[in-house]
$ cat query_3.cif   # mmCIF, C-alpha atoms
data_start
loop_
_atom_site.label_atom_id
_atom_site.label_comp_id
_atom_site.auth_asym_id
_atom_site.auth_seq_id
_atom_site.Cartn_x
_atom_site.Cartn_y
_atom_site.Cartn_z
CA MET A 1 53.28 108.29 111.14
CA ASP A 2 56.63 110.05 111.26
CA ALA A 3 57.96 112.27 108.51
CA GLN A 4 60.44 109.69 107.22
CA THR A 5 57.89 106.91 106.77
CA SER A 6 55.41 109.38 105.34
CA PHE A 7 57.83 110.65 102.68
CA LEU A 8 58.90 107.10 101.84
CA ASP A 9 55.27 106.01 101.44
CA THR A 10 54.59 108.99 99.20
CA LEU A 11 57.53 108.01 97.00
CA PHE A 12 56.19 104.44 96.79
CA ASP A 13 52.63 105.64 96.09
CA ARG A 14 53.84 107.85 93.26
CA GLY A 15 56.01 105.09 91.82
CA ILE A 16 59.18 107.16 92.20
CA LEU A 17 60.77 104.41 94.28
CA HIS A 18 59.60 100.79 94.49
CA GLU A 19 59.82 98.84 97.73
CA SER A 20 61.60 95.49 97.97
CA GLY A 21 60.60 94.27 101.41
CA VAL A 22 63.96 95.33 102.89
CA ASP A 23 64.36 98.84 104.27
CA GLY A 24 66.90 100.84 102.33
CA LEU A 25 66.80 98.68 99.18
CA TYR A 26 64.64 100.23 96.46
CA ALA A 27 64.16 100.22 92.72
CA ARG A 28 64.32 103.67 91.12
CA SER A 29 61.91 104.99 88.51
CA ALA A 30 62.92 106.62 85.22
CA LEU A 31 61.97 110.00 86.72
CA PHE A 32 64.32 109.48 89.66
CA GLU A 33 67.16 108.29 87.44
CA ASP A 34 66.72 111.21 85.06
CA VAL A 35 67.28 113.66 87.93
CA ILE A 36 70.39 111.74 89.03
CA ARG A 37 71.76 111.74 85.47
CA ARG A 38 71.12 115.49 85.06
CA PHE A 39 72.75 116.28 88.38
CA GLU A 40 75.78 114.16 87.52
CA ASP A 41 76.14 115.91 84.14
CA TYR A 42 75.98 119.26 85.92
CA VAL A 43 78.64 118.32 88.49
CA ILE A 44 80.87 116.66 85.89
CA GLY A 45 80.76 119.92 83.94
CA LEU A 46 81.82 121.95 86.97
CA GLY A 47 84.98 119.90 87.54
CA ARG A 48 85.87 118.92 83.98
CA ASP A 49 88.73 121.38 83.44
CA GLU A 50 90.70 120.23 86.47
CA THR A 51 90.01 116.50 86.22
CA ASP A 52 92.74 114.18 84.92
CA GLU A 53 90.59 111.12 84.40
CA ALA A 54 87.26 109.53 85.20
CA MET A 55 86.30 106.06 86.43
CA VAL A 56 83.14 104.17 87.32
CA PHE A 57 83.45 101.25 89.72
CA PRO A 58 81.31 98.15 90.16
CA PRO A 59 79.57 97.90 93.55
CA GLY A 60 82.24 95.53 94.89
CA MET A 61 85.94 95.73 95.61
CA THR A 62 88.60 93.17 96.45
CA MET A 63 88.59 91.89 100.01
CA ALA A 64 92.33 92.62 100.17
CA ASP A 65 91.78 96.29 99.36
CA PHE A 66 88.78 96.41 101.66
CA GLU A 67 91.01 95.16 104.48
CA THR A 68 93.75 97.64 103.59
CA SER A 69 91.24 100.50 103.79
CA GLY A 70 90.89 99.96 107.55
CA TYR A 71 87.10 99.93 107.24
CA MET A 72 86.74 97.05 109.72
CA LYS A 73 88.70 99.02 112.32
CA ASN A 74 86.27 101.91 112.19
CA PHE A 75 82.90 100.77 110.81
CA PRO A 76 82.50 96.99 111.27
CA GLN A 77 78.75 97.50 111.79
CA LEU A 78 78.26 98.98 108.32
CA ALA A 79 80.33 96.57 106.26
CA GLY A 80 79.04 93.96 103.85
CA THR A 81 81.12 91.12 102.44
CA VAL A 82 80.30 88.71 99.63
CA HIS A 83 80.15 85.00 100.38
CA ALA A 84 79.10 82.20 98.06
CA PHE A 85 78.43 78.50 97.92
CA CYS A 86 81.67 76.64 97.21
CA GLY A 87 80.69 73.09 98.19
CA ASP A 88 80.16 69.76 96.45
CA THR A 89 76.98 67.86 95.59
CA HIS A 90 76.67 66.60 99.14
CA ASP A 91 76.85 70.14 100.50
CA HIS A 92 74.37 71.25 97.86
CA MET A 93 71.85 68.64 99.02
CA ALA A 94 72.29 69.77 102.62
CA LEU A 95 71.72 73.36 101.54
CA LEU A 96 68.52 72.45 99.68
CA GLU A 97 67.32 70.50 102.73
CA CYS A 98 67.82 73.60 104.89
CA LEU A 99 65.99 75.76 102.34
CA ALA A 100 63.09 73.32 102.19
CA THR A 101 62.74 73.15 105.97
CA GLY A 102 63.21 76.87 106.58
CA LYS A 103 66.56 76.43 108.35
CA ASP A 104 69.57 78.73 107.94
CA TRP A 105 71.19 77.60 104.69
CA THR A 106 74.01 80.17 104.74
CA ASP A 107 76.33 78.34 107.18
CA GLY A 108 78.50 76.87 104.47
CA GLN A 109 78.92 80.10 102.50
CA LYS A 110 82.59 80.83 101.88
CA ARG A 111 84.41 84.10 101.30
CA THR A 112 84.73 85.07 97.65
CA GLY A 113 87.48 87.64 97.95
CA LEU A 114 84.96 90.44 97.39
CA ALA A 115 83.47 93.05 99.68
CA LEU A 116 80.73 95.52 98.88
CA THR A 117 82.24 98.95 98.35
CA PRO A 118 81.50 101.12 101.39
CA ALA A 119 82.82 104.42 99.97
CA ALA A 120 83.23 105.29 96.32
CA CYS A 121 86.87 106.38 96.48
CA TYR A 122 88.32 103.24 98.10
CA PRO A 123 88.82 101.24 94.87
CA LEU A 124 90.73 104.17 93.37
CA TYR A 125 93.67 104.17 95.78
CA PRO A 126 95.16 100.76 94.90
CA ILE A 127 94.90 101.66 91.19
CA VAL A 128 96.83 104.89 91.76
CA ALA A 129 99.35 103.11 94.00
CA ARG A 130 100.17 100.52 91.32
CA ARG A 131 101.25 103.28 88.93
CA GLY A 132 104.15 104.30 91.14
CA ALA A 133 104.96 107.86 92.27
CA LEU A 134 102.34 110.50 91.47
CA PRO A 135 102.82 112.81 88.50
CA GLU A 136 103.92 116.39 89.21
CA GLY A 137 100.95 118.27 90.62
CA GLY A 138 99.27 115.06 91.78
CA LEU A 139 96.08 113.65 90.36
CA THR A 140 92.39 114.55 90.30
CA VAL A 141 89.91 111.81 89.45
CA ALA A 142 86.15 111.93 88.91
CA LEU A 143 84.44 108.69 89.88
CA GLN A 144 81.18 107.06 90.71
CA SER A 145 80.20 103.87 92.47
CA TYR A 146 77.32 102.11 94.07
CA CYS A 147 78.06 101.76 97.77
CA PHE A 148 76.69 99.54 100.51
CA ARG A 149 76.20 100.28 104.18
CA HIS A 150 74.35 97.95 106.49
CA GLU A 151 71.99 100.40 108.17
CA PRO A 152 68.37 99.52 107.36
CA SER A 153 66.12 102.52 107.92
CA LYS A 154 62.68 103.90 107.03
CA ASP A 155 64.40 107.14 106.13
CA PRO A 156 64.42 107.22 102.31
CA ALA A 157 67.62 109.28 102.58
CA ARG A 158 69.39 106.42 104.36
CA MET A 159 69.51 103.66 101.77
CA GLN A 160 71.62 100.54 102.16
CA MET A 161 72.62 100.62 98.48
CA PHE A 162 73.18 104.02 96.96
CA ARG A 163 75.49 105.90 94.61
CA GLN A 164 78.21 108.37 95.40
CA ARG A 165 79.76 110.60 92.77
CA GLU A 166 83.13 111.89 93.89
CA TYR A 167 86.06 113.98 92.95
CA VAL A 168 89.25 112.74 94.59
CA ARG A 169 92.47 114.72 94.90
CA VAL A 170 95.70 112.82 95.45
CA GLY A 171 98.81 114.91 96.04
CA SER A 172 100.48 117.02 98.72
CA ALA A 173 98.79 118.16 101.93
CA ASP A 174 98.43 121.68 100.50
CA GLU A 175 96.91 120.39 97.29
CA ALA A 176 94.43 118.17 99.14
CA ILE A 177 93.35 120.93 101.52
CA ALA A 178 93.02 123.55 98.76
CA PHE A 179 90.90 121.10 96.75
CA ARG A 180 88.59 120.52 99.69
CA GLU A 181 88.15 124.25 100.29
CA THR A 182 87.35 124.82 96.60
CA TRP A 183 84.65 122.17 96.67
CA LYS A 184 83.18 123.40 99.96
CA ARG A 185 82.64 126.72 98.23
CA ARG A 186 81.37 125.10 95.03
CA GLY A 187 79.08 122.84 97.04
CA SER A 188 77.29 125.89 98.43
CA GLU A 189 77.08 127.40 94.95
CA ILE A 190 75.53 124.16 93.65
CA MET A 191 72.91 124.10 96.42
CA THR A 192 72.13 127.78 95.83
CA ALA A 193 71.72 127.14 92.09
CA LEU A 194 69.39 124.23 92.92
CA GLU A 195 67.44 126.51 95.28
CA LEU A 196 67.80 124.12 98.22
CA PRO A 197 68.07 125.29 101.84
CA HIS A 198 71.52 124.27 103.03
CA HIS A 199 74.43 124.87 105.35
CA VAL A 200 77.89 123.41 105.78
CA ASP A 201 78.97 122.05 109.14
CA VAL A 202 81.89 120.13 110.60
CA ALA A 203 81.03 116.45 110.98
CA ASN A 204 82.32 113.05 111.97
CA ASP A 205 81.89 109.60 110.51
CA PRO A 206 79.78 107.06 112.46
CA PHE A 207 82.74 105.24 114.02
CA PHE A 208 81.82 102.07 115.92
CA GLY A 209 81.46 101.78 119.67
CA ARG A 210 83.03 103.70 122.55
CA ALA A 211 86.37 103.86 120.82
CA GLY A 212 84.45 105.40 117.94
CA LYS A 213 83.35 108.28 120.15
CA MET A 214 86.97 109.21 120.46
CA MET A 215 87.67 108.77 116.76
CA GLY A 216 84.69 110.97 115.99
CA ALA A 217 85.70 113.66 118.48
CA SER A 218 89.22 113.63 117.10
CA GLN A 219 87.94 113.93 113.52
CA ARG A 220 85.81 116.92 114.51
CA GLU A 221 88.58 118.63 116.46
CA GLN A 222 90.88 118.37 113.47
CA GLU A 223 88.06 119.49 111.11
CA LEU A 224 88.76 116.64 108.73
CA LYS A 225 85.16 116.24 107.58
CA PHE A 226 82.50 118.75 106.60
CA GLU A 227 78.99 118.00 105.40
CA MET A 228 76.52 119.87 103.24
CA LEU A 229 73.30 119.57 105.20
CA VAL A 230 69.85 119.85 103.67
CA PRO A 231 66.58 119.22 105.52
CA ILE A 232 64.78 116.31 103.81
CA THR A 233 62.62 114.55 106.40
CA SER A 234 63.61 116.73 109.38
CA SER A 235 64.80 120.27 109.92
CA ASP A 236 66.30 119.32 113.29
CA LYS A 237 68.39 116.58 111.76
CA PRO A 238 69.15 117.67 108.21
CA THR A 239 70.64 115.14 105.80
CA ALA A 240 74.24 115.19 104.60
CA CYS A 241 73.94 115.46 100.81
CA MET A 242 77.62 116.12 100.15
CA SER A 243 80.75 115.62 102.23
CA PHE A 244 84.14 117.26 102.01
CA ASN A 245 86.84 115.09 103.46
CA TYR A 246 90.56 115.45 104.10
CA HIS A 247 92.08 112.04 104.86
CA GLN A 248 95.57 113.38 105.68
CA ASP A 249 98.05 110.72 104.56
CA ASN A 250 95.99 107.80 105.90
CA PHE A 251 95.22 106.29 102.50
CA GLY A 252 98.61 107.32 101.10
CA LYS A 253 100.23 105.28 103.84
CA ALA A 254 97.72 102.41 103.73
CA TRP A 255 98.25 101.78 100.00
CA ASN A 256 101.75 103.22 99.74
CA ILE A 257 100.85 106.04 97.33
CA ARG A 258 103.90 108.28 97.01
CA GLN A 259 104.30 111.89 96.02
CA ARG A 260 107.15 112.75 93.65
CA ASN A 261 109.35 113.55 96.65
CA GLY A 262 108.76 110.09 98.11
CA GLU A 263 106.48 111.26 100.92
CA PRO A 264 103.14 109.48 101.39
CA ALA A 265 100.40 111.16 99.36
CA HIS A 266 97.66 113.14 101.04
CA THR A 267 94.13 112.69 99.77
CA ALA A 268 90.85 114.57 99.89
CA CYS A 269 87.49 113.88 98.35
CA VAL A 270 84.17 115.53 97.80
CA GLY A 271 81.27 113.11 97.70
CA PHE A 272 77.81 113.76 96.31
CA GLY A 273 75.05 111.51 97.64
CA LEU A 274 73.16 111.14 94.38
CA GLU A 275 69.99 109.63 95.82
CA ARG A 276 69.99 112.11 98.70
CA ILE A 277 70.33 115.14 96.44
CA THR A 278 67.54 113.80 94.24
CA LEU A 279 65.34 113.26 97.30
CA ALA A 280 66.11 116.79 98.52
CA LEU A 281 65.04 118.20 95.14
CA LEU A 282 61.83 116.15 95.17
CA ARG A 283 61.14 117.20 98.75
CA HIS A 284 61.61 120.92 98.22
CA HIS A 285 60.44 121.40 94.64
CA GLY A 286 57.71 118.77 94.39
CA LEU A 287 57.34 115.31 92.92
CA GLU A 288 56.96 116.55 89.33
CA PRO A 289 60.33 117.75 88.00
CA ALA A 290 58.50 119.32 85.03
CA GLU A 291 57.03 121.79 87.53
CA TRP A 292 60.24 122.65 89.36
CA PRO A 293 61.29 126.32 89.47
CA ASP A 294 62.64 127.64 86.16
CA GLY A 295 66.08 128.34 87.66
CA VAL A 296 66.47 124.76 88.87
CA ARG A 297 65.24 123.33 85.57
CA LYS A 298 67.69 125.51 83.68
CA VAL A 299 70.61 124.23 85.77
CA LEU A 300 69.66 120.58 85.33
CA TRP A 301 67.95 120.44 81.94
CA GLY A 302 69.60 123.42 80.25
CA MET B 1 105.82 102.59 139.67
CA THR B 2 104.05 105.93 139.71
CA THR B 3 100.94 106.51 137.64
CA ALA B 4 103.00 108.51 135.17
CA GLU B 5 105.52 105.66 134.84
CA ILE B 6 102.78 103.09 134.25
CA ILE B 7 101.23 105.38 131.64
CA ARG B 8 104.60 105.89 129.98
CA ASP B 9 104.93 102.13 129.75
CA LEU B 10 101.45 101.80 128.17
CA VAL B 11 102.17 104.63 125.73
CA GLY B 12 105.29 102.71 124.68
CA LYS B 13 103.33 99.47 124.24
CA HIS B 14 100.18 100.78 122.57
CA GLY B 15 101.04 104.20 121.12
CA LYS B 16 102.85 102.79 118.04
CA LEU B 17 105.10 105.85 118.16
CA PRO B 18 107.94 106.15 115.65
CA VAL B 19 110.16 107.38 118.52
CA ASP B 20 111.24 105.74 121.78
CA VAL B 21 108.87 106.84 124.54
CA ALA B 22 111.92 107.29 126.81
CA THR B 23 112.93 110.30 124.71
CA LEU B 24 109.64 112.06 125.50
CA GLY B 25 109.01 114.29 128.50
CA ASP B 26 105.82 114.05 130.55
CA ASP B 27 104.62 117.21 128.79
CA SER B 28 105.69 116.26 125.26
CA ASP B 29 102.88 116.38 122.70
CA LEU B 30 102.13 112.76 121.86
CA TYR B 31 100.32 113.65 118.61
CA THR B 32 103.37 115.57 117.43
CA ALA B 33 105.41 112.51 118.39
CA GLY B 34 103.26 110.44 116.02
CA LEU B 35 100.31 109.14 118.05
CA SER B 36 97.52 108.32 115.58
CA SER B 37 93.81 108.54 116.38
CA PHE B 38 93.50 104.79 116.21
CA ALA B 39 96.53 104.18 118.45
CA SER B 40 95.10 106.64 120.97
CA VAL B 41 91.95 104.52 121.09
CA GLN B 42 94.00 101.39 121.77
CA LEU B 43 95.89 103.29 124.42
CA MET B 44 92.61 104.37 126.01
CA LEU B 45 91.38 100.75 126.18
CA ALA B 46 94.69 99.65 127.72
CA LEU B 47 94.48 102.43 130.33
CA GLU B 48 90.94 101.39 131.23
CA GLU B 49 92.07 97.82 131.78
CA GLN B 50 95.19 98.77 133.71
CA PHE B 51 93.49 101.19 136.10
CA ASP B 52 90.06 99.52 136.11
CA ILE B 53 88.38 102.73 135.04
CA GLU B 54 86.05 103.87 132.30
CA PHE B 55 86.68 107.16 130.53
CA PRO B 56 83.45 109.18 130.47
CA GLU B 57 82.33 110.35 127.04
CA THR B 58 83.24 113.94 127.86
CA MET B 59 86.89 112.87 128.14
CA LEU B 60 86.98 110.97 124.85
CA LYS B 61 88.77 113.73 122.96
CA ARG B 62 92.26 114.45 121.74
CA ALA B 63 93.25 116.77 124.59
CA THR B 64 92.84 113.95 127.14
CA PHE B 65 95.61 111.95 125.49
CA ALA B 66 97.83 114.84 124.38
CA SER B 67 100.69 114.10 126.80
CA ILE B 68 101.67 111.65 129.52
CA ARG B 69 100.84 114.31 132.11
CA ALA B 70 97.43 115.00 130.55
CA ILE B 71 96.65 111.27 130.65
CA ALA B 72 97.85 111.00 134.27
CA ASP B 73 95.64 113.95 135.26
CA ALA B 74 92.67 112.36 133.52
CA VAL B 75 93.28 108.96 135.14
CA ASP B 76 93.67 110.58 138.60
CA SER B 77 90.45 112.51 138.18
CA ILE B 78 88.49 109.42 137.10
CA VAL B 79 89.93 107.34 139.95
CA ARG B 80 88.96 110.12 142.41
CA ASP B 81 85.44 110.34 141.00
CA GLN B 82 85.00 106.57 141.11
CA ALA B 83 86.23 106.44 144.74
CA ALA B 84 83.81 109.21 145.69
CA ALA B 85 80.86 107.57 143.95
#
$ encode --input "query_3.cif" --output "structure tokens"
Amino acid sequence: MDAQTSFLDTLFDRGILHESGVDGLYARSALFEDVIRRFEDYVIGLGRDETDEAMVFPPGMTMADFETSGYMKNFPQLAGTVHAFCGDTHDHMALLECLATGKDWTDGQKRTGLALTPAACYPLYPIVARRGALPEGGLTVALQSYCFRHEPSKDPARMQMFRQREYVRVGSADEAIAFRETWKRRGSEIMTALELPHHVDVANDPFFGRAGKMMGASQREQELKFEMLVPITSSDKPTACMSFNYHQDNFGKAWNIRQRNGEPAHTACVGFGLERITLALLRHHGLEPAEWPDGVRKVLWG
Amino acid sequence: MTTAEIIRDLVGKHGKLPVDVATLGDDSDLYTAGLSSFASVQLMLALEEQFDIEFPETMLKRATFASIRAIADAVDSIVRDQAAA
């Protein structure tokens, strides 16, 4: 049995996660959620003084904004969209007939205008854009969302539905880059405080197909994305528990977010994979948080 | 048309540049001229179709598409390799 399956089974056996029958879709125990909540409180505290506002998003976003994000250009394989039954009684009977006979009943599902949110910061940009030009000095927002990515896996650190906590900076190029550098440094301080082995490395998103190879290479060459890597189920392939991203003016242009001078806004975000960080803590400090090292407990429980 | 002229034409069609490709020299930096990552991918696919080639993974990087001359050199080298194979 490989390390991923073994760790996942241990989490199931201990009742820390509960399986659903679909890889990457799990119920969380109170213990697991308590760690997530403590970590979020810790990170919210670190950024409080420089944050203008905070938002929490539902796990879905509008299809229109999903399309504007360009997600289907880059990651069609990971996307999830919401469809629903919109038929009449006749269609309903046909659906029930399919269900009863084990046939595919989803043919008649129609688009609802919703997509599952693939990255926690996407729903923020249209909200900021609707307000008009940015305030002087731009904007820093703390946010959290459930996200969906269609990538079933036995790796407990690769869930299909998971939460990202983020800080997002919207402003000038200099402001966005400075923000990202600050959080790269803070990210290492956080991991040191949590006594987790870690290193930061340049990274690329999993762009789709051959064209994606080029997008990924380009992203790396421009050093637009860095990840905080922590070994969870493998030391050869450590898991990205945080990412530090500079989007240039891609989202500023896509949603028409303007700086005060009329130029498209530049954006950057730091994302914390809440389940992944919790799994890293459980992996390195044991499955009983009450027995974690004093230093780690002090950071999270005070 | 020479290879460079064909490439210039494809850059004009697929590069989505904010400037007229005719104003660019063969050595002009296409990224500086406004070539986005995504447009460079579309340009790559158009080049593959036009010249009946496939860019190897090692060439799928920014430098390959940095100028009309860089693209022409890359296309020539792939065509040579494919002829030799």
$ residues_around --input "query_3.cif" --residues "range 198-214 of chain A" --least-positions-apart "3" --cutoff "10 Å" --atoms "all atoms listed in the file" --output "number ranges by chain"
A: 71-78, 184-185, 187-188, 191-192, 195, 217-231, 238-245; B: 37-38, 40-42, 44-45, 55-62
$ closest_residue --input "query_3.cif" --among "B:Ile7, B:Lys16, B:Ser28, B:Ala85" --to "Ala46 in chain B" --atoms "only C-alpha atoms"
B:Ile7
$ resolve_selection --input "query_3.cif" --expression "the PyMOL selection byres ((chain A and resi 172) around 6)" --output "ChimeraX atom specification"
/A:171,173-175,265-266
$ residues_around --input "query_3.cif" --residues "Ala119 in chain A" --least-positions-apart "2" --cutoff "8 Å" --atoms "all atoms listed in the file" --output "MDAnalysis selection string"
chainID A and resid 117 121:122 145 147:148 164
$ residues_around --input "query_3.cif" --residues "Arg131 in chain A" --least-positions-apart "3" --cutoff "12 Å" --atoms "all atoms listed in the file" --output "list in words"
Leu124, Tyr125, Pro126, Ile127, Val128, Leu134, Pro135, Leu139, Trp255, Asn256, Ile257, Arg258 and Gln259 of chain A
$ decode --input "query_3.cif" --residues "range 118-150 of chain A" --atoms "N, CA and C atoms" --output "compact mmCIF listing (two decimals), in the first residue's frame"
# COMPACT_ATOMS: atom_id res chain seq x y z
N PRO A 118 -13.44 27.62 -8.46
CA PRO A 118 -12.19 26.86 -8.55
C PRO A 118 -11.04 27.46 -7.75
N ALA A 119 -11.12 28.77 -7.45
CA ALA A 119 -10.08 29.44 -6.68
C ALA A 119 -10.74 30.54 -5.87
N ALA A 120 -10.35 30.64 -4.60
CA ALA A 120 -11.12 31.44 -3.66
C ALA A 120 -11.21 32.92 -4.02
N CYS A 121 -10.23 33.43 -4.78
CA CYS A 121 -10.25 34.88 -5.03
C CYS A 121 -11.10 35.28 -6.23
N TYR A 122 -11.51 34.32 -7.07
CA TYR A 122 -12.25 34.71 -8.28
C TYR A 122 -13.52 35.52 -8.01
N PRO A 123 -14.34 35.11 -7.03
CA PRO A 123 -15.59 35.88 -6.83
C PRO A 123 -15.34 37.31 -6.33
N LEU A 124 -14.14 37.58 -5.84
CA LEU A 124 -13.85 38.92 -5.33
C LEU A 124 -13.75 39.95 -6.45
N TYR A 125 -13.13 39.59 -7.56
CA TYR A 125 -12.80 40.58 -8.57
C TYR A 125 -14.01 41.31 -9.15
N PRO A 126 -15.10 40.60 -9.50
CA PRO A 126 -16.26 41.35 -10.01
C PRO A 126 -16.86 42.29 -8.96
N ILE A 127 -16.75 41.92 -7.68
CA ILE A 127 -17.28 42.80 -6.62
C ILE A 127 -16.46 44.09 -6.58
N VAL A 128 -15.15 43.94 -6.63
CA VAL A 128 -14.28 45.13 -6.62
C VAL A 128 -14.50 45.96 -7.87
N ALA A 129 -14.65 45.29 -9.02
CA ALA A 129 -14.82 46.02 -10.28
C ALA A 129 -16.08 46.88 -10.26
N ARG A 130 -17.15 46.37 -9.66
CA ARG A 130 -18.42 47.11 -9.66
C ARG A 130 -18.34 48.40 -8.86
N ARG A 131 -17.36 48.51 -7.98
CA ARG A 131 -17.25 49.71 -7.15
C ARG A 131 -16.59 50.88 -7.89
N GLY A 132 -16.08 50.61 -9.08
CA GLY A 132 -15.39 51.68 -9.79
C GLY A 132 -13.92 51.69 -9.43
N ALA A 133 -13.23 52.83 -9.75
CA ALA A 133 -11.77 52.88 -9.56
C ALA A 133 -11.41 52.56 -8.11
N LEU A 134 -10.24 51.97 -7.95
CA LEU A 134 -9.76 51.57 -6.62
C LEU A 134 -9.51 52.81 -5.76
N PRO A 135 -9.63 52.66 -4.44
CA PRO A 135 -9.23 53.76 -3.56
C PRO A 135 -7.71 53.95 -3.63
N GLU A 136 -7.25 55.12 -3.19
CA GLU A 136 -5.81 55.39 -3.13
C GLU A 136 -5.13 54.29 -2.31
N GLY A 137 -4.04 53.77 -2.81
CA GLY A 137 -3.35 52.71 -2.07
C GLY A 137 -3.93 51.33 -2.32
N GLY A 138 -4.96 51.24 -3.17
CA GLY A 138 -5.52 49.93 -3.52
C GLY A 138 -6.32 49.32 -2.39
N LEU A 139 -6.40 48.01 -2.41
CA LEU A 139 -7.30 47.29 -1.52
C LEU A 139 -6.66 45.97 -1.11
N THR A 140 -6.82 45.61 0.17
CA THR A 140 -6.39 44.29 0.62
C THR A 140 -7.58 43.61 1.29
N VAL A 141 -7.91 42.42 0.81
CA VAL A 141 -9.10 41.72 1.30
C VAL A 141 -8.70 40.34 1.83
N ALA A 142 -9.26 39.99 2.98
CA ALA A 142 -9.11 38.64 3.53
C ALA A 142 -10.35 37.86 3.12
N LEU A 143 -10.18 36.64 2.62
CA LEU A 143 -11.38 35.91 2.22
C LEU A 143 -11.18 34.41 2.39
N GLN A 144 -12.30 33.73 2.30
CA GLN A 144 -12.25 32.28 2.40
C GLN A 144 -13.36 31.69 1.56
N SER A 145 -13.09 30.57 0.94
CA SER A 145 -14.12 29.89 0.16
C SER A 145 -13.84 28.40 0.07
N TYR A 146 -14.90 27.63 -0.01
CA TYR A 146 -14.75 26.26 -0.47
C TYR A 146 -14.46 26.32 -1.96
N CYS A 147 -13.61 25.46 -2.44
CA CYS A 147 -13.27 25.39 -3.86
C CYS A 147 -13.48 23.97 -4.35
N PHE A 148 -13.65 23.85 -5.66
CA PHE A 148 -13.81 22.53 -6.28
C PHE A 148 -12.79 22.37 -7.40
N ARG A 149 -12.14 21.23 -7.43
CA ARG A 149 -11.34 20.86 -8.60
C ARG A 149 -11.54 19.39 -8.89
N HIS A 150 -11.85 19.10 -10.14
CA HIS A 150 -12.15 17.72 -10.51
C HIS A 150 -10.86 16.96 -10.71
